[in-house]
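Visitor: Following this line is entry20.cif, made up of mmCIF, C-alpha atoms (C1' of nucleotides):
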```cif
data_target
loop_
_atom_site.label_atom_id
_atom_site.label_comp_id
_atom_site.auth_asym_id
_atom_site.auth_seq_id
_atom_site.Cartn_x
_atom_site.Cartn_y
_atom_site.Cartn_z
CA MET A 1 -11.55 -2.53 -21.41
CA ALA A 2 -13.41 -5.69 -20.49
CA ASN A 3 -17.04 -4.76 -20.48
CA SER A 4 -18.42 -8.24 -20.87
CA LEU A 5 -17.54 -11.87 -20.54
CA LYS A 6 -16.95 -12.01 -24.26
CA ASP A 7 -14.28 -9.33 -23.92
CA LEU A 8 -12.73 -11.26 -21.08
CA LYS A 9 -12.58 -14.42 -23.12
CA SER A 10 -10.75 -12.77 -26.00
CA ILE A 11 -8.37 -10.81 -23.80
CA LEU A 12 -7.42 -13.97 -21.98
CA ALA A 13 -7.13 -16.00 -25.18
CA GLU A 14 -4.89 -13.40 -26.79
CA ASN A 15 -2.52 -13.74 -23.88
CA ASN A 16 -2.70 -17.48 -23.55
CA TYR A 17 -4.68 -17.54 -20.38
CA LYS A 18 -7.68 -19.70 -19.78
CA LEU A 19 -11.23 -18.62 -19.22
CA THR A 20 -12.11 -20.18 -15.89
CA SER A 21 -15.35 -19.97 -13.97
CA GLN A 22 -13.54 -18.14 -11.16
CA ARG A 23 -12.31 -15.44 -13.50
CA LYS A 24 -15.79 -15.05 -14.94
CA VAL A 25 -17.34 -14.63 -11.52
CA ILE A 26 -14.72 -12.12 -10.39
CA LEU A 27 -15.15 -10.01 -13.52
CA GLY A 28 -18.89 -10.19 -12.95
CA VAL A 29 -18.52 -8.79 -9.47
CA LEU A 30 -16.35 -5.95 -10.75
CA LEU A 31 -18.87 -5.13 -13.49
CA GLU A 32 -21.75 -5.15 -11.01
CA ASN A 33 -19.84 -2.79 -8.75
CA LYS A 34 -18.60 -0.15 -11.14
CA GLY A 35 -17.80 3.03 -9.27
CA GLU A 36 -16.94 1.13 -6.13
CA HIS A 37 -13.36 0.72 -5.01
CA LEU A 38 -13.31 -2.75 -3.59
CA SER A 39 -10.49 -4.46 -1.74
CA ALA A 40 -9.52 -8.05 -2.45
CA GLU A 41 -11.25 -9.14 0.76
CA GLU A 42 -14.44 -7.34 -0.22
CA ILE A 43 -14.41 -8.86 -3.67
CA TYR A 44 -13.77 -12.23 -2.07
CA SER A 45 -16.78 -11.98 0.19
CA ILE A 46 -19.08 -11.02 -2.69
CA VAL A 47 -17.66 -13.68 -4.95
CA LYS A 48 -18.15 -16.33 -2.28
CA GLN A 49 -21.91 -15.82 -2.41
CA GLU A 50 -21.89 -16.96 -6.00
CA ASP A 51 -19.13 -19.54 -5.73
CA PRO A 52 -18.59 -20.58 -2.11
CA GLY A 53 -15.70 -22.82 -3.04
CA ILE A 54 -13.50 -20.06 -4.33
CA GLY A 55 -10.29 -19.28 -2.47
CA LEU A 56 -8.98 -15.91 -1.38
CA ALA A 57 -5.65 -16.61 -3.07
CA THR A 58 -7.46 -17.03 -6.35
CA VAL A 59 -9.03 -13.62 -5.94
CA TYR A 60 -5.60 -12.11 -5.39
CA ARG A 61 -4.13 -14.00 -8.31
CA THR A 62 -6.98 -13.01 -10.58
CA LEU A 63 -6.79 -9.35 -9.65
CA GLU A 64 -3.06 -9.38 -10.28
CA LEU A 65 -3.65 -10.93 -13.69
CA PHE A 66 -6.45 -8.50 -14.51
CA CYS A 67 -4.15 -5.58 -13.68
CA GLU A 68 -1.44 -7.03 -15.86
CA LEU A 69 -3.93 -7.32 -18.72
CA GLY A 70 -5.23 -3.79 -18.20
CA ILE A 71 -8.67 -5.00 -17.17
CA THR A 72 -8.42 -3.56 -13.70
CA GLN A 73 -6.33 -0.98 -11.99
CA GLN A 74 -4.93 -0.87 -8.49
CA LEU A 75 -5.77 2.04 -6.27
CA THR A 76 -3.71 2.94 -3.27
CA PHE A 77 -5.48 5.16 -0.86
CA ASP A 78 -3.80 5.61 2.51
CA GLU A 79 -4.84 2.29 3.90
CA THR A 80 -3.12 -0.98 4.52
CA CYS A 81 -5.00 -2.72 1.75
CA ARG A 82 -5.13 -2.20 -2.00
CA ARG A 83 -8.31 -1.46 -3.85
CA TYR A 84 -9.33 -2.28 -7.39
CA GLU A 85 -11.54 -0.86 -10.09
CA LEU A 86 -12.21 -1.61 -13.74
CA GLU A 87 -9.97 0.33 -16.03
CA SER A 88 -11.59 2.19 -18.87
CA GLU A 89 -10.19 4.25 -21.70
CA GLU A 90 -13.40 6.21 -22.08
CA ASP A 91 -13.91 7.06 -18.45
CA HIS A 92 -10.58 8.31 -17.25
CA HIS A 93 -11.18 9.74 -13.82
CA HIS A 94 -9.52 10.63 -10.55
CA HIS A 95 -10.53 10.66 -6.93
CA LEU A 96 -11.66 13.15 -4.34
CA LEU A 97 -11.19 11.85 -0.81
CA CYS A 98 -12.99 13.43 2.09
CA VAL A 99 -10.64 13.61 5.05
CA LYS A 100 -13.56 13.69 7.45
CA CYS A 101 -16.06 11.06 6.32
CA SER A 102 -13.60 9.13 4.12
CA LYS A 103 -16.03 9.15 1.22
CA VAL A 104 -14.37 8.68 -2.15
CA MET A 105 -15.78 10.50 -5.17
CA GLU A 106 -14.69 10.55 -8.75
CA PHE A 107 -14.17 13.31 -11.24
CA ASN A 108 -13.22 13.57 -14.87
CA ASP A 109 -11.08 16.17 -16.38
CA GLN A 110 -9.53 17.38 -19.56
CA ILE A 111 -7.28 20.09 -18.15
CA LEU A 112 -4.99 17.52 -16.63
CA GLU A 113 -4.62 15.73 -19.94
CA ASP A 114 -3.29 18.95 -21.44
CA PHE A 115 -1.08 19.58 -18.46
CA GLU A 116 0.35 16.13 -18.87
CA LYS A 117 1.58 16.93 -22.37
CA ASP A 118 3.48 20.00 -21.20
CA LEU A 119 5.01 18.04 -18.38
CA GLY A 120 6.42 15.50 -20.79
CA LYS A 121 8.29 18.19 -22.67
CA LYS A 122 9.43 20.10 -19.61
CA TYR A 123 10.99 17.19 -17.77
CA ASN A 124 11.71 14.88 -20.68
CA PHE A 125 9.47 12.30 -19.10
CA LYS A 126 7.10 10.38 -21.36
CA VAL A 127 3.90 10.23 -19.36
CA THR A 128 1.73 7.18 -19.91
CA GLU A 129 -0.61 7.51 -16.98
CA HIS A 130 -1.33 9.64 -13.98
CA LYS A 131 -2.97 9.10 -10.66
CA ILE A 132 -4.32 12.06 -8.88
CA LYS A 133 -5.98 12.30 -5.53
CA PHE A 134 -7.39 15.41 -3.99
CA TYR A 135 -7.95 15.45 -0.26
CA GLY A 136 -10.37 17.80 1.42
CA TYR A 137 -13.90 18.24 2.65
CA CYS A 138 -16.90 17.02 0.74
CA GLU A 139 -20.15 18.93 0.46
CA GLU A 140 -21.63 17.53 3.67
CA CYS A 141 -18.50 17.80 5.76
CA GLN A 142 -17.56 21.39 5.09
CA MET B 1 9.13 22.19 8.55
CA ALA B 2 11.80 20.58 10.70
CA ASN B 3 15.09 21.43 9.06
CA SER B 4 17.27 20.92 12.08
CA LEU B 5 17.37 19.33 15.49
CA LYS B 6 16.58 22.71 16.99
CA ASP B 7 13.34 22.81 14.99
CA LEU B 8 12.52 19.31 16.12
CA LYS B 9 13.04 20.23 19.74
CA SER B 10 10.67 23.16 19.60
CA ILE B 11 8.03 21.35 17.57
CA LEU B 12 8.04 18.52 20.07
CA ALA B 13 8.07 20.87 23.06
CA GLU B 14 5.13 22.87 21.71
CA ASN B 15 3.13 19.68 21.55
CA ASN B 16 4.30 18.26 24.86
CA TYR B 17 6.44 15.56 23.43
CA LYS B 18 9.95 14.79 24.54
CA LEU B 19 13.13 15.08 22.54
CA THR B 20 14.61 11.62 22.72
CA SER B 21 17.79 10.36 21.16
CA GLN B 22 15.77 8.01 18.95
CA ARG B 23 13.73 10.86 17.54
CA LYS B 24 16.88 12.85 16.89
CA VAL B 25 18.50 9.99 15.04
CA ILE B 26 15.42 9.32 12.93
CA LEU B 27 15.08 12.97 11.95
CA GLY B 28 18.78 12.95 11.16
CA VAL B 29 18.33 10.06 8.77
CA LEU B 30 15.45 11.83 7.07
CA LEU B 31 17.46 15.03 6.71
CA GLU B 32 20.44 13.16 5.29
CA ASN B 33 18.18 11.49 2.77
CA LYS B 34 16.14 14.36 1.42
CA GLY B 35 14.77 13.47 -1.95
CA GLU B 36 14.66 9.81 -1.08
CA HIS B 37 11.41 8.08 -0.31
CA LEU B 38 12.29 5.66 2.41
CA SER B 39 10.13 2.97 3.92
CA ALA B 40 9.98 2.36 7.65
CA GLU B 41 12.15 -0.73 7.21
CA GLU B 42 14.74 1.22 5.24
CA ILE B 43 14.83 3.98 7.82
CA TYR B 44 15.13 1.32 10.49
CA SER B 45 18.16 -0.28 8.88
CA ILE B 46 19.94 3.05 8.48
CA VAL B 47 19.06 4.14 11.99
CA LYS B 48 20.37 0.87 13.40
CA GLN B 49 23.87 1.70 12.18
CA GLU B 50 23.86 4.72 14.41
CA ASP B 51 21.86 3.28 17.28
CA PRO B 52 21.82 -0.53 17.15
CA GLY B 53 19.51 -0.76 20.13
CA ILE B 54 16.60 0.97 18.48
CA GLY B 55 13.44 -1.03 17.84
CA LEU B 56 11.40 -1.19 14.65
CA ALA B 57 8.26 -0.32 16.54
CA THR B 58 9.90 2.89 17.65
CA VAL B 59 10.60 3.80 14.06
CA TYR B 60 6.97 3.24 13.17
CA ARG B 61 5.76 5.17 16.21
CA THR B 62 8.13 8.02 15.49
CA LEU B 63 7.11 8.28 11.86
CA GLU B 64 3.48 8.29 12.88
CA LEU B 65 4.21 11.10 15.32
CA PHE B 66 6.23 13.04 12.75
CA CYS B 67 3.34 12.82 10.29
CA GLU B 68 0.93 14.00 12.95
CA LEU B 69 3.19 16.98 13.63
CA GLY B 70 3.60 17.76 9.96
CA ILE B 71 7.28 16.95 9.98
CA THR B 72 6.93 14.11 7.54
CA GLN B 73 4.40 12.96 5.05
CA GLN B 74 3.33 9.50 4.02
CA LEU B 75 3.61 8.46 0.41
CA THR B 76 1.75 5.56 -1.08
CA PHE B 77 3.20 4.32 -4.29
CA ASP B 78 1.89 1.00 -5.60
CA GLU B 79 3.76 -1.13 -3.18
CA THR B 80 2.95 -3.04 -0.07
CA CYS B 81 4.76 -0.61 2.18
CA ARG B 82 4.36 3.05 2.95
CA ARG B 83 7.12 5.53 2.31
CA TYR B 84 8.00 8.75 4.06
CA GLU B 85 9.57 12.07 3.22
CA LEU B 86 10.11 15.36 4.99
CA GLU B 87 7.25 17.74 4.47
CA SER B 88 8.02 21.26 3.40
CA GLU B 89 5.81 24.27 2.78
CA GLU B 90 8.29 25.83 0.39
CA ASP B 91 8.95 22.80 -1.70
CA HIS B 92 5.55 21.43 -2.58
CA HIS B 93 6.21 18.80 -5.18
CA HIS B 94 4.81 15.73 -6.84
CA HIS B 95 6.26 12.57 -8.26
CA LEU B 96 7.20 11.13 -11.62
CA LEU B 97 7.50 7.36 -11.53
CA CYS B 98 9.30 5.48 -14.25
CA VAL B 99 7.39 2.30 -15.04
CA LYS B 100 10.55 0.68 -16.40
CA CYS B 101 13.36 1.41 -13.95
CA SER B 102 11.09 2.40 -11.04
CA LYS B 103 13.02 5.57 -10.44
CA VAL B 104 11.04 8.25 -8.64
CA MET B 105 11.62 11.88 -9.53
CA GLU B 106 10.06 15.03 -8.21
CA PHE B 107 8.61 18.09 -9.83
CA ASN B 108 7.10 21.34 -8.73
CA ASP B 109 4.26 23.13 -10.34
CA GLN B 110 1.96 26.04 -10.10
CA ILE B 111 -0.60 25.05 -12.70
CA LEU B 112 -1.97 22.36 -10.45
CA GLU B 113 -2.46 24.79 -7.61
CA ASP B 114 -4.67 26.85 -9.87
CA PHE B 115 -6.48 23.80 -11.13
CA GLU B 116 -7.19 22.85 -7.56
CA LYS B 117 -9.08 26.07 -6.95
CA ASP B 118 -11.38 25.54 -9.91
CA LEU B 119 -12.02 22.01 -8.82
CA GLY B 120 -13.22 23.17 -5.45
CA LYS B 121 -15.88 25.32 -7.03
CA LYS B 122 -16.91 22.85 -9.67
CA TYR B 123 -17.53 19.92 -7.37
CA ASN B 124 -18.18 21.77 -4.13
CA PHE B 125 -15.25 20.01 -2.59
CA LYS B 126 -12.93 22.00 -0.36
CA VAL B 127 -9.49 20.79 -1.33
CA THR B 128 -6.85 20.82 1.39
CA GLU B 129 -4.19 18.70 -0.22
CA HIS B 130 -3.42 16.76 -3.34
CA LYS B 131 -1.21 13.87 -4.24
CA ILE B 132 -0.31 13.51 -7.82
CA LYS B 133 1.74 10.86 -9.48
CA PHE B 134 2.63 10.64 -13.14
CA TYR B 135 3.71 7.29 -14.54
CA GLY B 136 5.76 6.90 -17.67
CA TYR B 137 9.25 6.61 -19.05
CA CYS B 138 12.16 8.62 -17.72
CA GLU B 139 14.87 10.11 -19.89
CA GLU B 140 17.05 7.01 -19.92
CA CYS B 141 14.26 4.52 -20.38
CA GLN B 142 12.51 6.06 -23.35
"C1'" DA C 1 18.74 14.51 42.95
"C1'" DA C 2 14.10 12.80 42.90
"C1'" DC C 3 9.61 12.54 40.56
"C1'" DT C 4 6.53 11.26 36.89
"C1'" DA C 5 4.45 11.05 32.60
"C1'" DT C 6 6.41 9.61 28.27
"C1'" DT C 7 8.90 6.78 25.60
"C1'" DT C 8 11.26 2.71 24.38
"C1'" DG C 9 12.56 -2.33 23.39
"C1'" DC C 10 11.05 -6.61 23.10
"C1'" DC C 11 7.75 -9.70 22.07
"C1'" DA C 12 3.33 -11.10 20.66
"C1'" DT C 13 -0.29 -10.18 17.53
"C1'" DA C 14 -2.85 -8.60 13.59
"C1'" DA C 15 -3.76 -7.93 8.85
"C1'" DA C 16 -2.72 -8.24 3.95
"C1'" DT C 17 -0.63 -10.70 0.53
"C1'" DT C 18 2.20 -14.40 -1.49
"C1'" DT C 19 3.90 -18.98 -1.93
"C1'" DT C 20 3.77 -23.99 -1.88
"C1'" DC C 21 1.97 -28.10 -3.46
"C1'" DA C 22 -1.19 -31.68 -4.62
"C1'" DC C 23 -5.14 -31.89 -7.28
"C1'" DC C 24 -8.18 -30.19 -11.04
"C1'" DT C 25 -9.70 -28.28 -15.58
"C1'" DA C 26 -9.80 -25.53 -19.96
"C1'" DC C 27 -7.96 -25.75 -24.33
"C1'" DT C 28 -5.48 -28.30 -28.11
"C1'" DA C 29 -4.22 -31.73 -31.30
"C1'" DA C 30 -4.99 -36.23 -32.93
"C1'" DT D 1 -14.38 -37.21 -28.58
"C1'" DT D 2 -10.70 -38.07 -26.12
"C1'" DA D 3 -6.55 -37.95 -24.06
"C1'" DG D 4 -2.55 -34.89 -22.98
"C1'" DT D 5 -0.75 -30.91 -21.01
"C1'" DA D 6 0.02 -26.37 -19.57
"C1'" DG D 7 -2.07 -23.58 -16.78
"C1'" DG D 8 -5.22 -22.78 -12.74
"C1'" DT D 9 -7.17 -23.67 -8.14
"C1'" DG D 10 -7.96 -24.40 -2.94
"C1'" DA D 11 -6.10 -24.86 1.47
"C1'" DA D 12 -2.75 -23.96 4.49
"C1'" DA D 13 1.63 -22.22 5.60
"C1'" DA D 14 4.77 -18.54 5.11
"C1'" DT D 15 5.97 -13.63 4.40
"C1'" DT D 16 5.63 -8.95 4.90
"C1'" DT D 17 4.09 -4.85 7.02
"C1'" DA D 18 2.34 -2.64 10.88
"C1'" DT D 19 0.48 -2.29 15.64
"C1'" DG D 20 -0.39 -3.31 20.67
"C1'" DG D 21 0.94 -4.60 25.58
"C1'" DC D 22 3.97 -4.23 29.23
"C1'" DA D 23 7.99 -3.65 32.15
"C1'" DA D 24 12.09 -0.95 32.15
"C1'" DA D 25 14.34 3.37 30.89
"C1'" DT D 26 14.53 8.32 30.37
"C1'" DA D 27 13.57 13.51 29.41
"C1'" DG D 28 12.08 17.41 31.43
"C1'" DT D 29 10.52 19.28 35.63
"C1'" DT D 30 10.45 20.23 40.68
#
```
Please express the file's structure as structure tokens.

Guide:
Amino acid sequence: MANSLKDLKSILAENNYKLTSQRKVILGVLLENKGEHLSAEEIYSIVKQEDPGIGLATVYRTLELFCELGITQQLTFDETCRRYELESEEDHHHHLLCVKCSKVMEFNDQILEDFEKDLGKKYNFKVTEHKIKFYGYCEECQ
Amino acid sequence: MANSLKDLKSILAENNYKLTSQRKVILGVLLENKGEHLSAEEIYSIVKQEDPGIGLATVYRTLELFCELGITQQLTFDETCRRYELESEEDHHHHLLCVKCSKVMEFNDQILEDFEKDLGKKYNFKVTEHKIKFYGYCEECQ
DNA sequence: AACTATTTGCCATAAATTTTCACCTACTAA
DNA sequence: TTAGTAGGTGAAAATTTATGGCAAATAGTT
């Protein structure tokens, strides 16, 4: 979706939102941490290094906005906090969670896309997205 | 798993836990609301009608215990609270979430079980459980 | 019926997120 | 370029969700 600041600017403009320095910095942090699944607090602490004046509430507000605009996506693992990652059409992936070391890995798949189509017909449910988590033991923890 | 109070009694006894009136009431509420996905607060408010003296902390502690014993299972939709449902070997299902009316439906499947096996080989990840959510539009909201 | 380890209720606390509000700033139109 | 304005921000308070401590109560045993 938003792979650069230029993208961010146009996405915001299209939706009548302003391009602020805080939003730029937060997108920057997300871009620099692709593949990570950061919480708002974690993003906040990284962002603060670049812009010490930024407030935690702004991070929350920005992430909410980014999700609304399809720039980011919320992840809910089984924790008390929510995590975020950049959303991407090209790289649709899911997560493997190790129940022992808590490592989170990603995987892509095509089979599920096909499965999704069948599901729509079978249950008369028009699927727009799916979130799939597999729990188990990673290579090292088996 | 626990389909009756008798089951509960033996599960608790096997694990050296006591059968208290609070635990009975909470299981009762879960049994009467199969198919629902209640939060701790919601369970608390229903339970209170039957036993006004019960404390919220007890509900949380009981649900934690029930999950530990495999009686219930935690669900994390994209909310701030966790939800619970009875766990059942026979009825392994997943969820369809309508993005418009927020209704949550359930579905069973076999294809995913097979898919899971392949995944284990492909990524050297020993899958023990999966949680799958499909988002989209339900029959009425299409 | 008495014993004892669990369990509970109440209250305080923690942690995550949201709201409030006064001030600030990015875009727009003149 | 320069206001004007709608939208955005920071700080702190408020909410929401969940957990921890402790004295009193209780289930299961002796």

Visitor: Quick one: apply the PyMOL selection byres ((chain C and resi 18) around 8) to the file and drop the selected residues here as a ChimeraX atom specification.

Guide: /C:17,19 /D:15

Visitor: Keeping only C-alpha atoms (C1' of nucleotides), write those residues as a PDB file, in the coordinates of the input.

Guide:
```pdb
ATOM      1  C1'  DT C  17      -0.630 -10.700   0.530  1.00  0.00           C
ATOM      2  C1'  DT C  19       3.900 -18.980  -1.930  1.00  0.00           C
TER       3       DT C  19
ATOM      4  C1'  DT D  15       5.970 -13.630   4.400  1.00  0.00           C
TER       5       DT D  15
END
```

Visitor: What is the atom CA of B:Lys126-atom CA of A:Cys138 distance in Å, reported with one decimal?

Guide: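 Those two atoms sit 6.5 Å apart.
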
Visitor: Determine the residue set returned by the PyMOL selection byres ((chain A) within 9 of (chain C)) for the present structure, and present it as a list in words.

Guide: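 Checking the PyMOL selection byres ((chain A) within 9 of (chain C)) against this file, the residues are Lys18, Leu19, Thr20, Ala57, Tyr60, Thr80, Cys81 and Arg82 of chain A.
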
Visitor: Selection in question (the file shown): the PyMOL selection byres ((chain B) within 12 of (chain A)). Which residues does it include, as a ChimeraX atom specification?

Guide: /B:73-83,94-100,103-142

Visitor: I'd like the interatomic distance between atom CA of A:Phe66 and atom CA of A:Ile46, to a tenth of an Å.

Guide: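 Separating atom CA of A:Phe66 from atom CA of A:Ile46 is a distance of 17.5 Å.
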
Visitor: So that I can see what lies close to A:Leu38, please list as a list in words the residues with an atom at most 8 Å from it, counting only C-alpha atoms (C1' of nucleotides) and leaving out residues fewer than 4 positions away in the same chain.

Guide: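 Residues meeting the cut-off are Glu42, Ile43, Arg83, Tyr84 and Glu85 of chain A.
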
Visitor: Residues as selected, C-alpha atoms, written as a PDB file, keeping the file's coordinate frame, can you do that?

Guide:
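What ended up in again.pdb:
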```
ATOM      1  CA  GLU A  42     -14.440  -7.340  -0.220  1.00  0.00           C
ATOM      2  CA  ILE A  43     -14.410  -8.860  -3.670  1.00  0.00           C
ATOM      3  CA  ARG A  83      -8.310  -1.460  -3.850  1.00  0.00           C
ATOM      4  CA  TYR A  84      -9.330  -2.280  -7.390  1.00  0.00           C
ATOM      5  CA  GLU A  85     -11.540  -0.860 -10.090  1.00  0.00           C
TER       6      GLU A  85
END
```
